[in-house]
file run.txt (compact mmCIF, C-alpha atoms)
# COMPACT_ATOMS: atom_id res chain seq x y z
CA MET A 1 -94.34 57.17 -102.89
CA THR A 2 -92.08 59.11 -100.51
CA ASP A 3 -93.91 60.78 -97.63
CA LEU A 4 -94.51 64.46 -98.23
CA ASN A 5 -92.67 65.61 -95.11
CA ALA A 6 -92.04 69.32 -94.78
CA PHE A 7 -88.59 70.57 -95.76
CA ASP A 8 -86.53 73.76 -95.89
CA HIS A 9 -83.95 73.24 -98.63
CA HIS A 10 -81.31 75.95 -98.87
CA PRO A 11 -78.27 74.77 -100.86
CA ARG A 12 -75.32 76.47 -99.17
CA THR A 13 -72.48 74.86 -101.11
CA ARG A 14 -71.45 75.66 -104.66
CA LEU A 15 -70.46 72.44 -106.44
CA VAL A 16 -67.64 72.66 -108.99
CA PHE A 17 -67.31 69.27 -110.70
CA GLY A 18 -64.98 67.94 -113.38
CA ALA A 19 -61.55 66.49 -114.07
CA GLY A 20 -58.82 69.03 -113.34
CA THR A 21 -61.04 71.41 -111.37
CA LEU A 22 -58.47 71.55 -108.53
CA GLN A 23 -56.66 74.13 -110.66
CA LYS A 24 -59.61 76.49 -110.10
CA LEU A 25 -58.97 76.57 -106.34
CA GLY A 26 -57.03 79.83 -106.36
CA ALA A 27 -59.66 81.70 -108.35
CA LEU A 28 -62.49 80.29 -106.25
CA ALA A 29 -60.72 81.22 -103.01
CA SER A 30 -60.08 84.75 -104.30
CA ASP A 31 -63.79 85.11 -105.04
CA LEU A 32 -64.50 84.49 -101.35
CA GLY A 33 -62.64 87.64 -100.38
CA GLY A 34 -59.86 86.41 -98.11
CA SER A 35 -56.11 86.53 -98.52
CA ARG A 36 -54.67 84.00 -96.02
CA VAL A 37 -55.60 80.36 -96.67
CA LEU A 38 -54.99 77.48 -94.28
CA VAL A 39 -54.99 74.14 -96.12
CA VAL A 40 -56.08 71.33 -93.77
CA SER A 41 -54.95 67.90 -94.94
CA ASP A 42 -53.04 64.74 -93.98
CA SER A 43 -49.66 63.22 -94.72
CA GLY A 44 -51.02 60.79 -97.33
CA ILE A 45 -52.51 63.61 -99.37
CA VAL A 46 -49.23 65.50 -99.13
CA LYS A 47 -47.34 62.41 -100.30
CA ALA A 48 -49.72 62.02 -103.27
CA GLY A 49 -48.85 65.56 -104.35
CA HIS A 50 -52.38 66.93 -104.08
CA ALA A 51 -51.55 69.44 -101.33
CA ALA A 52 -48.69 70.89 -103.37
CA ARG A 53 -50.96 71.35 -106.38
CA ALA A 54 -53.60 73.02 -104.23
CA ILE A 55 -51.06 75.40 -102.70
CA GLN A 56 -49.60 76.18 -106.12
CA SER A 57 -53.05 77.21 -107.38
CA LEU A 58 -53.64 79.39 -104.31
CA GLN A 59 -50.25 81.08 -104.53
CA ALA A 60 -50.67 81.70 -108.26
CA ALA A 61 -53.78 83.67 -107.34
CA GLY A 62 -51.71 85.81 -104.98
CA LEU A 63 -52.94 84.25 -101.75
CA GLU A 64 -50.80 83.59 -98.69
CA THR A 65 -50.98 79.90 -97.78
CA GLN A 66 -50.11 77.65 -94.87
CA LEU A 67 -50.37 73.85 -94.71
CA PHE A 68 -51.66 71.94 -91.67
CA ASP A 69 -51.09 68.26 -92.51
CA GLN A 70 -51.51 66.62 -89.10
CA VAL A 71 -55.06 65.29 -89.57
CA HIS A 72 -55.65 61.72 -88.38
CA GLU A 73 -58.37 59.24 -89.31
CA ASN A 74 -61.50 59.69 -87.18
CA PRO A 75 -60.32 63.10 -85.92
CA SER A 76 -60.47 63.88 -82.24
CA THR A 77 -60.78 67.08 -80.26
CA ARG A 78 -56.97 67.09 -80.06
CA ASP A 79 -56.70 67.19 -83.87
CA VAL A 80 -59.13 70.10 -83.95
CA ASP A 81 -57.30 71.98 -81.19
CA GLU A 82 -53.98 71.63 -83.04
CA CYS A 83 -55.60 72.87 -86.24
CA VAL A 84 -57.09 75.86 -84.39
CA ALA A 85 -53.63 76.74 -83.05
CA ALA A 86 -52.26 76.66 -86.60
CA ALA A 87 -55.12 78.85 -87.86
CA ARG A 88 -54.54 81.39 -85.09
CA ASP A 89 -50.78 81.51 -85.64
CA PHE A 90 -51.29 82.06 -89.35
CA ARG A 91 -54.27 84.44 -88.93
CA ALA A 92 -56.23 82.48 -91.53
CA ASP A 93 -59.28 84.04 -93.17
CA ILE A 94 -60.15 81.12 -95.48
CA LEU A 95 -60.01 77.38 -94.75
CA VAL A 96 -59.53 74.57 -97.26
CA GLY A 97 -60.33 70.98 -96.24
CA LEU A 98 -58.40 68.73 -98.64
CA GLY A 99 -58.68 64.96 -98.21
CA GLY A 100 -61.22 62.46 -96.94
CA GLY A 101 -63.96 63.12 -94.43
CA SER A 102 -61.38 63.41 -91.66
CA SER A 103 -59.69 66.44 -93.24
CA MET A 104 -62.97 68.14 -94.02
CA ASP A 105 -64.35 67.44 -90.54
CA THR A 106 -61.17 68.77 -88.91
CA ALA A 107 -61.42 71.95 -90.98
CA LYS A 108 -65.06 72.37 -89.98
CA GLY A 109 -64.28 71.69 -86.33
CA CYS A 110 -61.47 74.23 -86.46
CA ASN A 111 -63.88 76.75 -87.96
CA PHE A 112 -66.29 76.41 -85.02
CA ILE A 113 -63.67 77.12 -82.37
CA PHE A 114 -61.54 79.60 -84.32
CA THR A 115 -64.55 81.86 -84.95
CA ASN A 116 -66.81 81.14 -81.97
CA GLY A 117 -64.38 80.14 -79.20
CA GLY A 118 -64.89 77.46 -76.56
CA ARG A 119 -64.41 73.72 -77.03
CA MET A 120 -65.72 71.25 -79.59
CA GLN A 121 -68.03 69.81 -76.93
CA ASP A 122 -69.85 73.15 -76.83
CA TYR A 123 -71.12 72.59 -80.37
CA TRP A 124 -72.33 69.01 -79.98
CA GLY A 125 -75.80 69.12 -81.51
CA VAL A 126 -77.26 71.56 -84.00
CA GLY A 127 -77.11 75.33 -84.39
CA LYS A 128 -74.97 76.24 -81.39
CA ALA A 129 -72.60 78.66 -83.13
CA THR A 130 -73.57 82.30 -82.59
CA GLN A 131 -70.91 84.01 -84.71
CA SER A 132 -70.30 83.79 -88.46
CA MET A 133 -67.54 81.46 -89.65
CA LEU A 134 -64.70 81.65 -92.15
CA PRO A 135 -65.40 80.66 -95.76
CA LEU A 136 -64.56 76.97 -96.25
CA ILE A 137 -63.65 75.21 -99.48
CA ALA A 138 -64.03 71.42 -99.27
CA ILE A 139 -62.07 69.21 -101.68
CA PRO A 140 -62.74 65.47 -101.25
CA THR A 141 -60.09 63.00 -102.34
CA THR A 142 -62.27 60.00 -101.48
CA SER A 143 -65.76 59.08 -102.63
CA GLY A 144 -67.45 58.24 -99.36
CA THR A 145 -68.47 60.56 -96.56
CA GLY A 146 -70.09 63.33 -98.58
CA SER A 147 -68.82 65.71 -95.88
CA GLU A 148 -68.26 68.34 -98.57
CA CYS A 149 -72.04 68.72 -98.85
CA GLN A 150 -72.88 68.65 -95.13
CA SER A 151 -72.92 71.22 -92.33
CA PHE A 152 -71.83 68.66 -89.72
CA ALA A 153 -68.39 67.88 -88.32
CA LEU A 154 -67.96 64.43 -86.75
CA ILE A 155 -65.33 64.75 -84.03
CA SER A 156 -64.41 62.22 -81.32
CA ASP A 157 -63.88 63.32 -77.75
CA GLU A 158 -60.18 62.70 -77.09
CA GLU A 159 -60.87 61.25 -73.62
CA THR A 160 -64.21 59.42 -73.92
CA HIS A 161 -63.87 58.49 -77.64
CA VAL A 162 -67.55 59.39 -78.09
CA LYS A 163 -68.27 60.68 -81.59
CA MET A 164 -69.87 64.13 -81.50
CA ALA A 165 -71.96 65.36 -84.42
CA CYS A 166 -71.57 69.14 -84.41
CA GLY A 167 -73.79 70.81 -86.95
CA ASP A 168 -74.60 74.35 -87.96
CA PRO A 169 -75.66 75.86 -91.30
CA LYS A 170 -72.75 78.30 -90.96
CA ALA A 171 -70.31 75.36 -90.98
CA ALA A 172 -71.26 74.24 -94.49
CA ALA A 173 -68.61 74.69 -97.16
CA ALA A 174 -69.03 77.73 -99.39
CA VAL A 175 -67.57 75.73 -102.29
CA ALA A 176 -66.91 72.04 -102.91
CA ILE A 177 -64.46 71.10 -105.66
CA LEU A 178 -65.25 67.63 -107.04
CA ASP A 179 -62.22 66.60 -109.09
CA PRO A 180 -62.25 62.86 -109.89
CA GLU A 181 -58.54 62.96 -110.73
CA LEU A 182 -57.81 63.36 -107.01
CA THR A 183 -59.52 60.07 -106.16
CA ILE A 184 -57.42 57.89 -108.49
CA SER A 185 -54.53 57.81 -106.00
CA GLN A 186 -56.66 56.15 -103.32
CA PRO A 187 -55.46 52.73 -102.13
CA HIS A 188 -57.84 49.87 -102.99
CA LYS A 189 -58.97 49.48 -99.36
CA VAL A 190 -59.87 53.16 -99.13
CA THR A 191 -61.82 52.97 -102.39
CA ALA A 192 -63.66 49.94 -101.02
CA VAL A 193 -64.64 51.19 -97.57
CA THR A 194 -65.49 54.74 -98.66
CA GLY A 195 -67.55 53.44 -101.57
CA ILE A 196 -69.54 51.16 -99.30
CA ASP A 197 -70.06 54.07 -96.90
CA ALA A 198 -71.51 56.19 -99.72
CA ILE A 199 -73.84 53.35 -100.74
CA ALA A 200 -75.02 53.09 -97.12
CA HIS A 201 -75.69 56.83 -97.10
CA ALA A 202 -77.82 56.59 -100.24
CA LEU A 203 -79.88 53.68 -98.89
CA GLU A 204 -80.31 54.96 -95.33
CA THR A 205 -81.31 58.49 -96.34
CA ALA A 206 -83.94 57.00 -98.65
CA VAL A 207 -86.05 55.70 -95.78
CA THR A 208 -85.49 57.77 -92.63
CA THR A 209 -88.37 59.41 -90.83
CA LYS A 210 -87.05 62.78 -92.07
CA ARG A 211 -87.09 61.75 -95.75
CA ASN A 212 -88.77 64.29 -97.99
CA PRO A 213 -89.16 65.02 -101.72
CA VAL A 214 -85.78 66.79 -101.91
CA SER A 215 -83.80 64.13 -100.05
CA ALA A 216 -85.49 61.42 -102.12
CA LEU A 217 -84.19 62.98 -105.34
CA TYR A 218 -80.63 63.03 -104.04
CA SER A 219 -80.80 59.54 -102.49
CA LEU A 220 -82.00 57.90 -105.69
CA GLU A 221 -79.66 59.80 -108.03
CA SER A 222 -76.77 59.09 -105.67
CA PHE A 223 -77.50 55.38 -105.73
CA ARG A 224 -77.78 55.42 -109.53
CA TYR A 225 -74.26 56.81 -109.85
CA LEU A 226 -72.78 54.57 -107.13
CA ARG A 227 -74.34 51.43 -108.60
CA ALA A 228 -72.90 52.34 -112.01
CA GLY A 229 -69.42 53.04 -110.66
CA PHE A 230 -68.59 50.76 -107.76
CA ASP A 231 -67.86 47.42 -109.46
CA ARG A 232 -66.02 49.26 -112.23
CA VAL A 233 -63.78 51.25 -109.91
CA LEU A 234 -62.87 48.12 -107.94
CA GLU A 235 -61.85 46.34 -111.15
CA SER A 236 -60.22 49.34 -112.87
CA PRO A 237 -58.96 51.90 -110.33
CA THR A 238 -57.85 54.35 -113.05
CA ASP A 239 -61.26 54.38 -114.78
CA GLN A 240 -61.93 58.12 -114.57
CA GLU A 241 -65.59 57.85 -115.58
CA ALA A 242 -66.19 55.33 -112.80
CA ARG A 243 -64.32 57.62 -110.37
CA SER A 244 -66.59 60.47 -111.49
CA PHE A 245 -69.69 58.36 -110.85
CA MET A 246 -68.46 57.55 -107.34
CA LEU A 247 -67.49 61.13 -106.50
CA LEU A 248 -70.84 62.55 -107.64
CA GLY A 249 -72.70 59.72 -105.94
CA ALA A 250 -70.94 60.40 -102.64
CA ALA A 251 -71.61 64.15 -102.87
CA PHE A 252 -75.28 63.64 -103.67
CA ALA A 253 -75.57 61.17 -100.80
CA GLY A 254 -74.04 63.79 -98.52
CA THR A 255 -76.66 66.25 -99.70
CA ALA A 256 -79.33 63.65 -98.93
CA ILE A 257 -77.95 63.29 -95.38
CA GLU A 258 -78.16 67.06 -94.95
CA ASN A 259 -81.86 66.83 -95.77
CA SER A 260 -82.81 63.43 -94.36
CA MET A 261 -80.30 62.16 -91.73
CA LEU A 262 -79.27 58.49 -91.28
CA GLY A 263 -80.62 55.39 -89.57
CA ALA A 264 -79.94 52.18 -87.68
CA ALA A 265 -77.07 50.86 -89.80
CA HIS A 266 -74.98 53.83 -88.72
CA SER A 267 -76.14 53.33 -85.14
CA CYS A 268 -74.87 49.74 -85.34
CA ALA A 269 -71.58 50.76 -86.94
CA ASN A 270 -70.32 53.24 -84.35
CA PRO A 271 -70.07 50.76 -81.43
CA LEU A 272 -68.16 48.36 -83.69
CA THR A 273 -65.66 51.10 -84.48
CA ALA A 274 -65.39 52.13 -80.83
CA LYS A 275 -64.91 48.60 -79.42
CA PHE A 276 -63.18 46.70 -82.22
CA GLY A 277 -61.54 49.47 -84.21
CA THR A 278 -63.54 48.43 -87.27
CA VAL A 279 -63.22 50.90 -90.14
CA HIS A 280 -66.50 52.77 -90.49
CA GLY A 281 -67.27 51.74 -94.07
CA GLN A 282 -66.69 48.07 -93.23
CA ALA A 283 -68.88 48.32 -90.13
CA VAL A 284 -71.81 50.13 -91.71
CA GLY A 285 -71.70 48.05 -94.88
CA LEU A 286 -71.74 44.77 -92.95
CA MET A 287 -74.72 45.84 -90.85
CA LEU A 288 -76.69 47.44 -93.68
CA PRO A 289 -78.26 44.27 -95.22
CA HIS A 290 -79.61 43.24 -91.82
CA VAL A 291 -81.05 46.69 -91.15
CA ILE A 292 -82.67 46.67 -94.61
CA ARG A 293 -84.34 43.35 -93.78
CA PHE A 294 -85.46 44.70 -90.39
CA ASN A 295 -86.93 47.85 -91.93
CA SER A 296 -88.52 45.94 -94.83
CA GLU A 297 -90.94 44.28 -92.44
CA ARG A 298 -92.87 47.51 -92.86
CA SER A 299 -94.50 47.36 -96.29
CA GLU A 300 -94.25 51.09 -96.99
CA ILE A 301 -90.49 50.94 -96.39
CA ALA A 302 -90.12 47.79 -98.48
CA SER A 303 -91.79 49.65 -101.36
CA ILE A 304 -89.19 52.45 -101.14
CA TYR A 305 -86.33 49.96 -101.17
CA ALA A 306 -87.91 48.29 -104.21
CA ALA A 307 -87.18 51.43 -106.25
CA TYR A 308 -83.47 50.75 -105.64
CA GLY A 309 -83.58 47.23 -107.02
CA GLU A 310 -84.61 43.71 -106.12
CA HIS A 311 -82.72 41.63 -103.55
CA LEU A 312 -81.09 44.74 -102.09
CA PRO A 313 -79.51 43.04 -99.01
CA GLU A 314 -77.89 40.45 -101.27
CA GLN A 315 -76.66 43.21 -103.61
CA VAL A 316 -74.96 45.00 -100.71
CA GLN A 317 -73.32 41.76 -99.60
CA HIS A 318 -72.14 41.18 -103.18
CA TRP A 319 -70.45 44.58 -103.08
CA LEU A 320 -68.84 43.77 -99.73
CA ARG A 321 -67.36 40.55 -101.13
CA ALA A 322 -66.26 42.27 -104.34
CA ALA A 323 -64.49 44.86 -102.21
CA GLY A 324 -62.74 42.17 -100.16
CA LEU A 325 -64.62 43.14 -96.99
CA SER A 326 -66.13 40.94 -94.30
CA VAL A 327 -69.80 39.98 -94.44
CA ARG A 328 -70.10 38.40 -90.95
CA LEU A 329 -69.35 39.94 -87.57
CA SER A 330 -67.56 36.76 -86.52
CA GLU A 331 -64.92 37.56 -89.16
CA LEU A 332 -64.19 40.74 -87.19
CA GLY A 333 -63.76 38.87 -83.90
CA VAL A 334 -67.25 39.66 -82.56
CA THR A 335 -68.86 36.93 -80.43
CA GLU A 336 -72.26 36.37 -78.87
CA ALA A 337 -70.88 37.69 -75.59
CA ASP A 338 -70.26 41.07 -77.24
CA VAL A 339 -73.83 41.52 -78.46
CA PRO A 340 -75.44 43.03 -75.32
CA GLY A 341 -72.79 45.72 -75.03
CA LEU A 342 -72.94 46.54 -78.73
CA ALA A 343 -76.74 46.73 -78.62
CA ALA A 344 -76.65 49.05 -75.62
CA GLY A 345 -74.22 51.31 -77.45
CA ALA A 346 -76.25 51.29 -80.67
CA ALA A 347 -79.46 52.22 -78.84
CA LYS A 348 -77.77 55.41 -77.59
CA GLN A 349 -76.76 56.59 -81.07
CA TRP A 350 -78.45 59.74 -82.36
CA THR A 351 -79.18 58.28 -85.80
CA ALA A 352 -81.35 55.56 -84.26
CA ASN A 353 -84.00 58.23 -83.73
CA PHE A 354 -84.47 58.60 -87.49
CA ASN A 355 -84.78 54.94 -88.42
CA PRO A 356 -88.10 54.35 -90.21
CA ARG A 357 -89.00 51.46 -87.93
CA PRO A 358 -88.58 52.10 -84.19
CA VAL A 359 -85.60 50.11 -82.98
CA SER A 360 -85.12 49.12 -79.35
CA GLU A 361 -82.03 47.77 -77.62
CA ALA A 362 -83.52 44.28 -77.98
CA ASP A 363 -84.02 44.90 -81.71
CA PHE A 364 -80.41 45.99 -82.05
CA ALA A 365 -79.31 42.79 -80.30
CA ALA A 366 -81.33 40.74 -82.78
CA ILE A 367 -79.83 42.65 -85.72
CA TYR A 368 -76.29 42.05 -84.43
CA ARG A 369 -77.04 38.35 -83.90
CA ALA A 370 -78.34 38.07 -87.46
CA ALA A 371 -75.00 39.50 -88.62
CA LEU A 372 -72.83 37.12 -86.55
call {"tool": "encode", "arguments": {"input": "run.txt", "output": "structure tokens"}}
result
Amino acid sequence: MTDLNAFDHHPRTRLVFGAGTLQKLGALASDLGGSRVLVVSDSGIVKAGHAARAIQSLQAAGLETQLFDQVHENPSTRDVDECVAAARDFRADILVGLGGGSSMDTAKGCNFIFTNGGRMQDYWGVGKATQSMLPLIAIPTTSGTGSECQSFALISDEETHVKMACGDPKAAAAVAILDPELTISQPHKVTAVTGIDAIAHALETAVTTKRNPVSALYSLESFRYLRAGFDRVLESPTDQEARSFMLLGAAFAGTAIENSMLGAAHSCANPLTAKFGTVHGQAVGLMLPHVIRFNSERSEIASIYAAYGEHLPEQVQHWLRAAGLSVRLSELGVTEADVPGLAAGAAKQWTANFNPRPVSEADFAAIYRAAL
């Protein structure tokens, strides 16, 4: 049974789900009361035609629109600053984040500075914005981060490359449009790494020290959808039902994060990305089975994992192989000599504080060694 931790659950984001729901963007934006919409996206989304369809819907509703398509993967403070400049020049009063987590995070980061001033570093942490923010509509085109259902922006410091989690209830999207048709254009590798990331979110949120009855509902339902969709979407990328399962699973996992936070697998992943350039989904997925085994040494945590299926570490590794991803750190070029530095970096990660079993730097070293 999940611990009855206290919670304060206030859903801030309206979810609009279904094939073709992108066409509702204009009407939904109009309902929010603004008239000048900045669409924040990236060149791949533009090339896929999704940005043009979004803008067409907005303009059909009589809204002035501007496109900012300079978002990069793992957005930095520079990306945010450039987006803020575009928002100021255009005098935006509504923001749309269209794309993967990077686009949505850039839009959120822009919202902090555009409305509250200062630098992104000023909002590192929780609840540091004092002024209200612009309405944000989040439209994911990947099934992974669940950023559309979170009030956090993950932004890297341009100089130090440290990832800053900047959270505030005011930063949550007013509306999230979940249109599975937008995810069909994803390349196979993106489908793979974002899907694994969503699975990691479902399994980590299930056991953190902040887990509660609300987060438990979202974690388990998320995993149910992801388990039903992942193998199918890898085999048949145009399977719209499987894409729907993945998109809903990712959104529900994002909602679970909002209520429960993450754990040691994410702490292990960030140093791998920083030092080796490992894509986040690959990094967190590879480390997840070893963190599950570490946490399962506590019987009450093992009993929670049991609700998600038997042989869970092996199931995650099956998914990694099915996705064509690495299952050993050595395949990524990591050696024994790298372990102390990685462990030191992991121990400094914020999410380590929420792992259900206390995890020291020495524990992180052992987890990395198990993954070599």
call {"tool": "closest_residue", "arguments": {"input": "run.txt", "among": "A:Ala265, A:Val39, A:Val334, A:Glu258", "to": "Phe364 in chain A", "atoms": "all atoms listed in the file"}}
result
A:Ala265
call {"tool": "atom_distance", "arguments": {"input": "run.txt", "atom1": "CA of Asn74 in chain A", "atom2": "CA of Ala242 in chain A"}}
result
26.4 Å
call {"tool": "residues_around", "arguments": {"input": "run.txt", "residues": "Lys47 in chain A", "least_positions_apart": "5", "cutoff": "12 Å", "atoms": "only C-alpha atoms", "output": "VMD selection string"}}
result
chain A and resid 41 to 42 52 to 53 69 99 185 to 186
call {"tool": "write_last_selection", "arguments": {"input": "run.txt", "atoms": "C-alpha atoms", "output": "compact mmCIF listing (two decimals), keeping the file's coordinate frame"}}
result
# COMPACT_ATOMS: atom_id res chain seq x y z
CA SER A 41 -54.95 67.90 -94.94
CA ASP A 42 -53.04 64.74 -93.98
CA ALA A 52 -48.69 70.89 -103.37
CA ARG A 53 -50.96 71.35 -106.38
CA ASP A 69 -51.09 68.26 -92.51
CA GLY A 99 -58.68 64.96 -98.21
CA SER A 185 -54.53 57.81 -106.00
CA GLN A 186 -56.66 56.15 -103.32
call {"tool": "atom_distance", "arguments": {"input": "run.txt", "atom1": "CA of Gln23 in chain A", "atom2": "CA of Ala51 in chain A"}}
result
11.6 Å
call {"tool": "residues_around", "arguments": {"input": "run.txt", "residues": "range 317-329 of chain A", "least_positions_apart": "5", "cutoff": "8 Å", "atoms": "all atoms listed in the file", "output": "PDB file with C-alpha atoms, keeping the file's coordinate frame"}}
result
ATOM      1  CA  LYS A 189     -58.970  49.480 -99.360  1.00  0.00           C
ATOM      2  CA  ALA A 192     -63.660  49.940-101.020  1.00  0.00           C
ATOM      3  CA  VAL A 193     -64.640  51.190 -97.570  1.00  0.00           C
ATOM      4  CA  ILE A 196     -69.540  51.160 -99.300  1.00  0.00           C
ATOM      5  CA  PHE A 230     -68.590  50.760-107.760  1.00  0.00           C
ATOM      6  CA  ASP A 231     -67.860  47.420-109.460  1.00  0.00           C
ATOM      7  CA  LEU A 234     -62.870  48.120-107.940  1.00  0.00           C
ATOM      8  CA  GLN A 282     -66.690  48.070 -93.230  1.00  0.00           C
ATOM      9  CA  GLY A 285     -71.700  48.050 -94.880  1.00  0.00           C
ATOM     10  CA  LEU A 286     -71.740  44.770 -92.950  1.00  0.00           C
ATOM     11  CA  PRO A 289     -78.260  44.270 -95.220  1.00  0.00           C
ATOM     12  CA  VAL A 334     -67.250  39.660 -82.560  1.00  0.00           C
ATOM     13  CA  THR A 335     -68.860  36.930 -80.430  1.00  0.00           C
ATOM     14  CA  TYR A 368     -76.290  42.050 -84.430  1.00  0.00           C
ATOM     15  CA  ALA A 371     -75.000  39.500 -88.620  1.00  0.00           C
ATOM     16  CA  LEU A 372     -72.830  37.120 -86.550  1.00  0.00           C
TER      17      LEU A 372
END
call {"tool": "residues_around", "arguments": {"input": "run.txt", "residues": "range 295-304 of chain A", "least_positions_apart": "6", "cutoff": "10 Å", "atoms": "only C-alpha atoms", "output": "PyMOL selection string"}}
result
chain A and resi 1-3+203+206-208+216+264+289+355-359
call {"tool": "residues_around", "arguments": {"input": "run.txt", "residues": "range 250-257 of chain A", "least_positions_apart": "3", "cutoff": "9 Å", "atoms": "all atoms listed in the file", "output": "PDB file with C-alpha atoms, in the frame of the given file"}}
result
ATOM      1  CA  PRO A  11     -78.270  74.770-100.860  1.00  0.00           C
ATOM      2  CA  THR A 142     -62.270  60.000-101.480  1.00  0.00           C
ATOM      3  CA  SER A 143     -65.760  59.080-102.630  1.00  0.00           C
ATOM      4  CA  GLY A 144     -67.450  58.240 -99.360  1.00  0.00           C
ATOM      5  CA  THR A 145     -68.470  60.560 -96.560  1.00  0.00           C
ATOM      6  CA  GLY A 146     -70.090  63.330 -98.580  1.00  0.00           C
ATOM      7  CA  SER A 147     -68.820  65.710 -95.880  1.00  0.00           C
ATOM      8  CA  GLU A 148     -68.260  68.340 -98.570  1.00  0.00           C
ATOM      9  CA  CYS A 149     -72.040  68.720 -98.850  1.00  0.00           C
ATOM     10  CA  GLN A 150     -72.880  68.650 -95.130  1.00  0.00           C
ATOM     11  CA  LEU A 178     -65.250  67.630-107.040  1.00  0.00           C
ATOM     12  CA  THR A 194     -65.490  54.740 -98.660  1.00  0.00           C
ATOM     13  CA  GLY A 195     -67.550  53.440-101.570  1.00  0.00           C
ATOM     14  CA  ASP A 197     -70.060  54.070 -96.900  1.00  0.00           C
ATOM     15  CA  ALA A 198     -71.510  56.190 -99.720  1.00  0.00           C
ATOM     16  CA  ILE A 199     -73.840  53.350-100.740  1.00  0.00           C
ATOM     17  CA  ALA A 200     -75.020  53.090 -97.120  1.00  0.00           C
ATOM     18  CA  HIS A 201     -75.690  56.830 -97.100  1.00  0.00           C
ATOM     19  CA  ALA A 202     -77.820  56.590-100.240  1.00  0.00           C
ATOM     20  CA  LEU A 203     -79.880  53.680 -98.890  1.00  0.00           C
ATOM     21  CA  GLU A 204     -80.310  54.960 -95.330  1.00  0.00           C
ATOM     22  CA  THR A 205     -81.310  58.490 -96.340  1.00  0.00           C
ATOM     23  CA  ALA A 206     -83.940  57.000 -98.650  1.00  0.00           C
ATOM     24  CA  ARG A 211     -87.090  61.750 -95.750  1.00  0.00           C
ATOM     25  CA  VAL A 214     -85.780  66.790-101.910  1.00  0.00           C
ATOM     26  CA  SER A 215     -83.800  64.130-100.050  1.00  0.00           C
ATOM     27  CA  ALA A 216     -85.490  61.420-102.120  1.00  0.00           C
ATOM     28  CA  LEU A 217     -84.190  62.980-105.340  1.00  0.00           C
ATOM     29  CA  TYR A 218     -80.630  63.030-104.040  1.00  0.00           C
ATOM     30  CA  SER A 219     -80.800  59.540-102.490  1.00  0.00           C
ATOM     31  CA  LEU A 220     -82.000  57.900-105.690  1.00  0.00           C
ATOM     32  CA  GLU A 221     -79.660  59.800-108.030  1.00  0.00           C
ATOM     33  CA  SER A 222     -76.770  59.090-105.670  1.00  0.00           C
ATOM     34  CA  PHE A 223     -77.500  55.380-105.730  1.00  0.00           C
ATOM     35  CA  TYR A 225     -74.260  56.810-109.850  1.00  0.00           C
ATOM     36  CA  LEU A 226     -72.780  54.570-107.130  1.00  0.00           C
ATOM     37  CA  PHE A 245     -69.690  58.360-110.850  1.00  0.00           C
ATOM     38  CA  MET A 246     -68.460  57.550-107.340  1.00  0.00           C
ATOM     39  CA  LEU A 247     -67.490  61.130-106.500  1.00  0.00           C
ATOM     40  CA  SER A 260     -82.810  63.430 -94.360  1.00  0.00           C
ATOM     41  CA  MET A 261     -80.300  62.160 -91.730  1.00  0.00           C
ATOM     42  CA  LEU A 262     -79.270  58.490 -91.280  1.00  0.00           C
TER      43      LEU A 262
END
call {"tool": "atom_distance", "arguments": {"input": "run.txt", "atom1": "CA of Gly117 in chain A", "atom2": "CA of Met133 in chain A"}}
result
11.0 Å
call {"tool": "closest_residue", "arguments": {"input": "run.txt", "among": "A:Val40, A:Val46, A:Cys268, A:Met120", "to": "Ala87 in chain A", "atoms": "all atoms listed in the file"}}
result
A:Val40
call {"tool": "residues_near_point", "arguments": {"input": "run.txt", "point": "(-66.6, 79.7, -81.1)", "cutoff": "12 Å", "atoms": "all atoms listed in the file", "output": "list of chain:residue names"}}
result
A:Val84, A:Lys108, A:Gly109, A:Cys110, A:Asn111, A:Phe112, A:Ile113, A:Phe114, A:Thr115, A:Asn116, A:Gly117, A:Gly118, A:Arg119, A:Met120, A:Gln121, A:Asp122, A:Tyr123, A:Gly127, A:Lys128, A:Ala129, A:Thr130, A:Gln131, A:Ser132, A:Met133, A:Leu134, A:Asp168, A:Lys170, A:Ala171
call {"tool": "write_last_selection", "arguments": {"input": "run.txt", "atoms": "C-alpha atoms", "output": "short mmCIF file (atom, residue, chain, number, x, y, z; two decimals), keeping the file's coordinate frame"}}
result
data_model
loop_
_atom_site.label_atom_id
_atom_site.label_comp_id
_atom_site.auth_asym_id
_atom_site.auth_seq_id
_atom_site.Cartn_x
_atom_site.Cartn_y
_atom_site.Cartn_z
CA VAL A 84 -57.09 75.86 -84.39
CA LYS A 108 -65.06 72.37 -89.98
CA GLY A 109 -64.28 71.69 -86.33
CA CYS A 110 -61.47 74.23 -86.46
CA ASN A 111 -63.88 76.75 -87.96
CA PHE A 112 -66.29 76.41 -85.02
CA ILE A 113 -63.67 77.12 -82.37
CA PHE A 114 -61.54 79.60 -84.32
CA THR A 115 -64.55 81.86 -84.95
CA ASN A 116 -66.81 81.14 -81.97
CA GLY A 117 -64.38 80.14 -79.20
CA GLY A 118 -64.89 77.46 -76.56
CA ARG A 119 -64.41 73.72 -77.03
CA MET A 120 -65.72 71.25 -79.59
CA GLN A 121 -68.03 69.81 -76.93
CA ASP A 122 -69.85 73.15 -76.83
CA TYR A 123 -71.12 72.59 -80.37
CA GLY A 127 -77.11 75.33 -84.39
CA LYS A 128 -74.97 76.24 -81.39
CA ALA A 129 -72.60 78.66 -83.13
CA THR A 130 -73.57 82.30 -82.59
CA GLN A 131 -70.91 84.01 -84.71
CA SER A 132 -70.30 83.79 -88.46
CA MET A 133 -67.54 81.46 -89.65
CA LEU A 134 -64.70 81.65 -92.15
CA ASP A 168 -74.60 74.35 -87.96
CA LYS A 170 -72.75 78.30 -90.96
CA ALA A 171 -70.31 75.36 -90.98
#
